[in-house]
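K.L.:
Quick one: the structure is below, and I'll ask about it shortly.
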Amino acid sequence: MSVQLTRSLATLLGEVERPGDFHATGTVDMHPPRIQVEGVGTLSLPLMATQAEALVAQAEQAPYGRGTETLVDTGVRRTWQIDGARVQISGKAWAQDLETMVAQAKSGLGVNGAVSAELYKLLVYDTGSFFISHRDSEKAPGMFATLVVVLPSEHRGGELLVRHRGREVRLDLRRDEPSEVAFAAFYADCLHEVLPVVSGYRLALIYNLIRTEEDQPLGPPDYDREHQWAVKLLQAWGTPAAGGSDEPTLTKLIYPLEHAYTPAEIGFDRLKGADAAAAGLLVGAAREADCDVYLALVSIEESGWAEHTGGGYWGRHDEDEFEIGEVNESQQIVDTWRHPDGSHPDLGPLPFELEELSPPGAFDDLEPDELEFQEATGNEGASFDRLYQRAALVVWPRTHRAAVLSQGGLEVSVPFLGELVRQWQEAGADPRAPLREEAHLLAERIRIDWPEADWVRRRASADGVAAAYLQHLTALGDLAEIDAFAGGPIAAGAYGETDNPALVEALTALTPERAQRLIHDIIAGNARAHPVACADLLARAANRIIETGTGTAKTLRRAADALVQALPGRRATQSPVDAYRYLNASTGTEPTDAMVANLLSGLEHIDPDLARRAFEHLLKHPDRYDIDRILVPAALTLHADETTRSLPSAQALRGLALAHLRRRIAEPLEPPSDWQRASQVTCTCANCQELSRFLADPTRPEWAFRAAQRHRDHVADSVRTDCCDLDLDTERRGNPHTLRCTKNQASYLRRVVQREDDSAHLTQLGGLPET
C-alpha cells in the first residue's frame with residue numbers, strides 16, 4: 001500500500017500538464033497614475049473622503065445580471081459604478097504597471113499568448129457596500145477573466161471571495177503602504193463576492209482580460225478526473241484497513257517540486273508552472289479528503305570523510321581534487337512550512353524517511369546544492385559537508401496529524417496542542433466537539449512518545465515544556481491523560497521542580513484519593529534523584545489541601561514517609577562526579593535550603609513525628625546539610641513566614657541557627673598582626689611544602705618561586721584549592737619565569753563580611769548576641 005500510494009500520487013500529479021489556477025493575486029509598487037473622472041476631475045491617491053463623496057454623486061447604482069435581465073437591487077449589490085469611458089488614466093509608468101499586473105495574472109491563471117486589459121468600470125464601495133456571490137458575464141469577445149485593481153484608499157473590510165469547484169480563497173486587497181497596489185484576477189465563470197465594507201471607501205478599477213488571438217476563450221483548468229482520483233487515494237490512505245496490516249503505514253507523503261525555491265521565495269502564491277498546477281490539484285483534493293497539505297523545504301545534510309586525489313597548491317584545492325569516501329552523519333528534515341492560506345505555521349523541523357518520497361527514489365539522482373571539502377589538518381583527514389534541498393508538497397491525513405507532529409518532538413507537538421485547546425475554548429469548549437477529540441488524540445500521542453533520555457527529560461522540565469503540557473491537559477479537562485502522564489512518565493523520572501505548580505493544579509482535577517496515590521507514586525519514584533522537587537511537591541500538595549478544605553493533609557502520610565526514607569545521607573565517596581553534584585545543586589540531587597524549608601513545613605502539616613525524624617536526619621549528616629549553606633537560610637525562610645514560624649521543627653531549626661551564629665560572632669575578629677598565614681596545604685610535594693613554610697613564616701611577605709611552567713601551575717592550583725591568602729603574579733623575565741606570591745588579608749576580610757552577615761541573620765531570626 002505504501003509504495004503503491006507514493007507511485008500513484010506522483011503519477012497523478014505528473015499528469016497535470018497545464019499550470020495555473022482559477023485565481024491569481026499579487027502586489028506591485030505603483031507609480032502614481034493621473035486618474036481623471038468626468039464630472040469629478042483628477043483624483044488624489046490615497047483617495048480623500050471629499051473626492052469619494054464626489055465620485056458617488058457622479059456615479060450610478062451598480063446593477064447585476066440575472067439571466068438576460070439587468071437589475072438594480074441593493075439587497076443583492078450595493079455599490080456605485082462609473083463607466084470606464086468616463087475615466088482617463090495616464091501617467092509616465094502606468095502602462096508598465098498595468099502590463100506587470102496582467103503578466104502576473106496570466107502566469108497565475110496559466111494562460112499563454114497575448115492578453116489585453118480593457119477598463120470596464122470604476123467602482124466605489126462606501127461603508128456598508130457589498131456584492132453577494134455571482135458570476136461575471138462575458139462583456140467583450142475573447143473575455144476570459146476579470147482583473148480587479150484596488151487603488152490606495154482608507155477602508156476596512158471589502159475582502160474578495162472567489163470560489164471554484166469546492167475551493168475558496170479570501171483575498172484582502174487593501175494595502176497600508178500608499179505606494180503599493182494589490183490586484184486579483186479570476187476566470188469569468190468563477191463565483192465571487194465582495195464582503196461588506198466596514199468603514200471608509202474602497203476604490204477599484206475593473207478590467208476585462210481578453211485573449212487577442214483567435215484561440216477559444218479559456219476557462220479554469222479542468223482536472224475533475226484527476227481531482228476525484230486524488231481524493232480517493234487520500235481518503236483510502238487515511239482510513240484504517242479492516243483487521244489492520246503488517247506493513248507500516250506512511251505517516252506523511254512528500255512530493256518534490258520541479259523548480260528550485262529559496263527560503264525567501266517559497267510560497268503557494270509563488271509556485272511556477274507545473275508546480276502551481278500540482279499544488280492547486282493537491283490542495284483541493286486534500287481539503288475534500290480531510291488531509292493537511294503544506295509547502296515546505298526538504299533537506300538532507302550529510303558529512304563524512306573524503307580523500308584528496310592530488311593537485312592544488314598552498315592549501316588551495318578544487319572540488320574535483322577530492323573524492324567522497326563515506327557518509328558518517330546524515331540528517332533528513334522538513335522545515336520552512338507554508339500553508340495554502342499564506343500563513344507560516346511553526347511546525348519546526350520534522351524528520352522524514354526516503355520511503356515517504358513520491359515517487360519512490362525521487363532523490364536518487366539529486367545533485368547537491370552545496371558541497372564543501374575541508375583538507376586534512378593535524379591528525380584529521382580530509383572531510384566534506386553537503387546539502388541537498390528541494391521544495392516539496394507535504395500531505396498527511398488528519399488522522400495522522402498527532403503522529404506527524406510527535407515526530408518533531410515536544411517543541412513542536414506541545415505548542416500545537418496548546419493551539420488546539422485555545423481554538424476549542426474559543427469555539428465554546430463543547431466536550432463532544434471534534435476539536436477536543438483531536439486535542440485528546442494528540443495529547444495521548446505526546447505522552448506515549450515522551451522522551452526516554454534523561455537529559456531530554458530534564459530539559460523538557462527546565463524549559464517549562466512539561467508544565468505547559470500539564471496546563472493544556474487541565475484546560476482540556478482530560479482527566480485520563482492527566483492520570484496517565486502523572487502515573488507514567490512523571491512517576492518514572494520525567495520530572496523536575498518547575499513541573500510542580502502545573503502538576504498540583506492538574507492533580508486537583510482528579511478525585512482526592514487518586515491524586516494522593518499519584519503523589520505517593522511520583523515521590524516514591526523520584527525522591528532519590530529529585531529530592532528538592534519532591535519536597536516542593538509535598539509542601540504544595542499539603543498547602544493546596546489546607547487552602548481548599550478538600551480534606552486533611554494527613555492523607556499524604558505515605559508520600560511523606562517515602563520522601564523521608566529517601567532523604568540524602570552521608571556520601572560514600574568523594575568522586576569527581578559527587579564533587580560536581582555537590583557544587584551544582586541545580587541538578588536537583590543535592591539538598592538546598594528551599595528543600596529543607598519545604599520538607600519541614602510540609603511534614604509538620606502531615607505528620608509532626610515525620611518532621612522530627614527528618615530534622616534529626618539533617619543533624620546527622622552535616623556534610624550534606626551544611627549549616628551555613630543550607631540550615632541557616634532554611635531557618636530564615638521558615639521564620640519569615642508567619643504560617644510556618646511557630647512550627648516545632650521551624651523553632652528547633654531556629655534555635656540551632658541562633659546558637660551557631662552567636663558562637664561565631666563571639667569569636668575574636670582582628671586583622672593579622674604579622675605576616676603569618678594559615679599554612680595547611682593539602683599537597684605534600686616538595687614545592688607545596690616550601691609553600692607551606694612560606695605561609696607560616698611571620699616575617700616574609702613575598703615568595704619568588706622560579707620554576708618550569710608545570711611546577712608554577714601546580715603551586716598556583718594548590719593556592720586556589722586551599723584558599724591560601726596569596727595574590728599571584730607571573731614575572732616573565734628570564735627563563736624559567738617566576739611565580740611571585742604576595743600575602744594578603746583575604747581570610748580576615750572574608751570573616752569581616754561573614755560577621756556582618758551573621759549579625760544580620762541573627763537580627764532576622766529575632767535573636768541578640770550573647771554578652
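Chain labels follow the order of the C-alpha cells: the first chain is A, the next B, and so on; residue numbering restarts at 1 in every chain, and ligands are counted from 1 in their shown order.
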I need the residues in range 129-234 of chain A that are alpha helix (DSSP H) according to DSSP; give them as JSON, numbers by chain.

P.N.:
{"A": [224, 225, 226, 227, 228, 229, 230, 231, 232, 233, 234]}

K.L.:
Pull C-alpha atoms from the residues just selected and write them as a PDB file, in the first residue's frame.

P.N.:
ATOM      1  CA  ASP A 224     -12.033  16.916 -12.404  1.00  0.00           C
ATOM      2  CA  ARG A 225     -10.936  13.353 -13.227  1.00  0.00           C
ATOM      3  CA  GLU A 226      -7.559  13.796 -11.530  1.00  0.00           C
ATOM      4  CA  HIS A 227      -9.203  15.567  -8.604  1.00  0.00           C
ATOM      5  CA  GLN A 228     -11.583  12.684  -7.931  1.00  0.00           C
ATOM      6  CA  TRP A 229      -8.776  10.161  -8.242  1.00  0.00           C
ATOM      7  CA  ALA A 230      -6.604  12.099  -5.808  1.00  0.00           C
ATOM      8  CA  VAL A 231      -9.487  12.340  -3.324  1.00  0.00           C
ATOM      9  CA  LYS A 232      -9.989   8.564  -3.425  1.00  0.00           C
ATOM     10  CA  LEU A 233      -6.266   7.892  -2.917  1.00  0.00           C
ATOM     11  CA  LEU A 234      -6.046  10.234   0.062  1.00  0.00           C
TER      12      LEU A 234
END

K.L.:
Just the residues within 12 Å of Gly325 in chain A, please, counting only C-alpha atoms, with nothing from its chain fewer than 2 positions along; format it as a ChimeraX atom specification.

P.N.:
/A:302-309,322-323,327-328,373,381-385

K.L.:
What lies within 9 Å of Ser759 in chain A using only C-alpha atoms, ignoring chain neighbours under 3 positions off, as a PyMOL selection string?

P.N.:
chain A and resi 661-662+665+754-756+762-764+768-769

K.L.:
Using only C-alpha atoms, which residue out of A:Ala539, A:Leu695, A:Leu658, A:Ala392 lies closest to Ser601 in chain A?

P.N.:
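The answer is A:Ala539, which sits nearest to Ser601 in chain A.
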
K.L.:
Would you give me, as a PyMOL selection string, the residues in range 193-302 of chain A that DSSP reads as strand (DSSP E or B)?

P.N.:
chain A and resi 193-194+197-200+202-211+253-256+291-302

K.L.:
Please produce a file of those selected residues containing N, CA and C atoms, as a CSV table (one decimal), in the first residue's frame.

P.N.:
chain,number,residue,atom,x,y,z
A,193,GLU,N,-17.6,37.2,-4.6
A,193,GLU,CA,-18.4,38.2,-3.9
A,193,GLU,C,-17.5,39.1,-3.2
A,194,VAL,N,-18.0,40.3,-2.9
A,194,VAL,CA,-17.3,41.3,-2.1
A,194,VAL,C,-18.0,41.5,-0.8
A,197,VAL,N,-18.0,46.5,3.2
A,197,VAL,CA,-17.0,47.5,3.7
A,197,VAL,C,-17.4,48.0,5.1
A,198,VAL,N,-16.5,47.8,6.0
A,198,VAL,CA,-16.8,48.1,7.4
A,198,VAL,C,-16.7,49.7,7.7
A,199,SER,N,-15.7,50.3,7.0
A,199,SER,CA,-15.6,51.7,7.2
A,199,SER,C,-14.8,52.2,6.0
A,200,GLY,N,-14.9,53.5,5.7
A,200,GLY,CA,-14.2,54.2,4.6
A,200,GLY,C,-14.7,53.9,3.3
A,202,ARG,N,-13.8,52.0,-0.6
A,202,ARG,CA,-13.0,51.1,-1.4
A,202,ARG,C,-13.1,51.5,-2.8
A,203,LEU,N,-12.0,51.8,-3.4
A,203,LEU,CA,-12.0,52.3,-4.8
A,203,LEU,C,-11.3,51.2,-5.7
A,204,ALA,N,-12.0,50.7,-6.7
A,204,ALA,CA,-11.4,49.6,-7.5
A,204,ALA,C,-11.6,49.9,-9.0
A,205,LEU,N,-10.6,49.6,-9.8
A,205,LEU,CA,-10.7,49.5,-11.2
A,205,LEU,C,-11.0,48.1,-11.7
A,206,ILE,N,-12.0,47.9,-12.6
A,206,ILE,CA,-12.3,46.6,-13.0
A,206,ILE,C,-12.0,46.5,-14.5
A,207,TYR,N,-11.1,45.5,-14.8
A,207,TYR,CA,-10.7,45.3,-16.2
A,207,TYR,C,-11.2,44.0,-16.7
A,208,ASN,N,-11.6,44.0,-18.0
A,208,ASN,CA,-11.8,42.7,-18.7
A,208,ASN,C,-10.5,42.2,-19.3
A,209,LEU,N,-10.2,41.0,-19.0
A,209,LEU,CA,-9.0,40.4,-19.6
A,209,LEU,C,-9.4,39.6,-20.8
A,210,ILE,N,-8.8,40.0,-22.0
A,210,ILE,CA,-9.2,39.5,-23.3
A,210,ILE,C,-8.1,38.8,-24.0
A,211,ARG,N,-8.4,37.6,-24.5
A,211,ARG,CA,-7.4,37.0,-25.4
A,211,ARG,C,-7.5,37.7,-26.8
A,253,LEU,N,3.5,12.1,3.3
A,253,LEU,CA,3.9,11.9,1.9
A,253,LEU,C,4.5,13.1,1.4
A,254,ILE,N,5.7,13.0,0.7
A,254,ILE,CA,6.4,14.2,0.2
A,254,ILE,C,6.5,14.2,-1.3
A,255,TYR,N,6.0,15.2,-2.0
A,255,TYR,CA,6.1,15.3,-3.4
A,255,TYR,C,7.0,16.4,-3.8
A,256,PRO,N,8.3,16.1,-4.2
A,256,PRO,CA,9.2,17.2,-4.6
A,256,PRO,C,8.8,17.9,-5.8
A,291,CYS,N,-7.4,16.0,4.7
A,291,CYS,CA,-6.0,15.9,4.8
A,291,CYS,C,-5.4,17.3,5.0
A,292,ASP,N,-4.2,17.3,5.7
A,292,ASP,CA,-3.4,18.6,5.8
A,292,ASP,C,-2.4,18.6,4.6
A,293,VAL,N,-2.2,19.7,4.0
A,293,VAL,CA,-1.2,19.8,3.0
A,293,VAL,C,-0.5,21.2,3.2
A,294,TYR,N,0.9,21.1,3.0
A,294,TYR,CA,1.7,22.2,3.2
A,294,TYR,C,2.8,22.2,2.1
A,295,LEU,N,3.4,23.4,2.0
A,295,LEU,CA,4.6,23.6,1.1
A,295,LEU,C,5.7,23.7,2.1
A,296,ALA,N,6.9,23.1,1.8
A,296,ALA,CA,8.0,23.1,2.7
A,296,ALA,C,9.3,22.8,2.0
A,297,LEU,N,10.4,23.0,2.7
A,297,LEU,CA,11.7,22.7,2.1
A,297,LEU,C,12.2,21.4,2.7
A,298,VAL,N,12.6,20.5,1.9
A,298,VAL,CA,13.1,19.2,2.3
A,298,VAL,C,14.6,19.2,2.1
A,299,SER,N,15.3,18.9,3.2
A,299,SER,CA,16.7,19.0,3.2
A,299,SER,C,17.4,17.7,3.7
A,300,ILE,N,18.5,17.3,3.1
A,300,ILE,CA,19.3,16.2,3.5
A,300,ILE,C,20.7,16.8,3.7
A,301,GLU,N,21.2,16.7,4.9
A,301,GLU,CA,22.6,17.2,5.3
A,301,GLU,C,23.4,16.0,5.6
A,302,GLU,N,24.6,16.0,4.9
A,302,GLU,CA,25.5,14.8,5.1
A,302,GLU,C,26.9,15.3,5.4

K.L.:
I want to know what sits within 10 Å of range 43-58 of chain A, based on only C-alpha atoms, with residues of the same chain fewer than 5 positions away left out; could you give that as an MDAnalysis selection string?

P.N.:
chainID A and resid 32:38 79:82 122:126 151:154 177:179 200:203

K.L.:
Of the candidates A:Ala491, A:Ala10, A:Ala634, A:Ala666, which one gets nearest to Leu618 in chain A if we count only C-alpha atoms?

P.N.:
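Ranking A:Ala491, A:Ala10, A:Ala634, A:Ala666 by distance to Leu618 in chain A, first place goes to A:Ala634.
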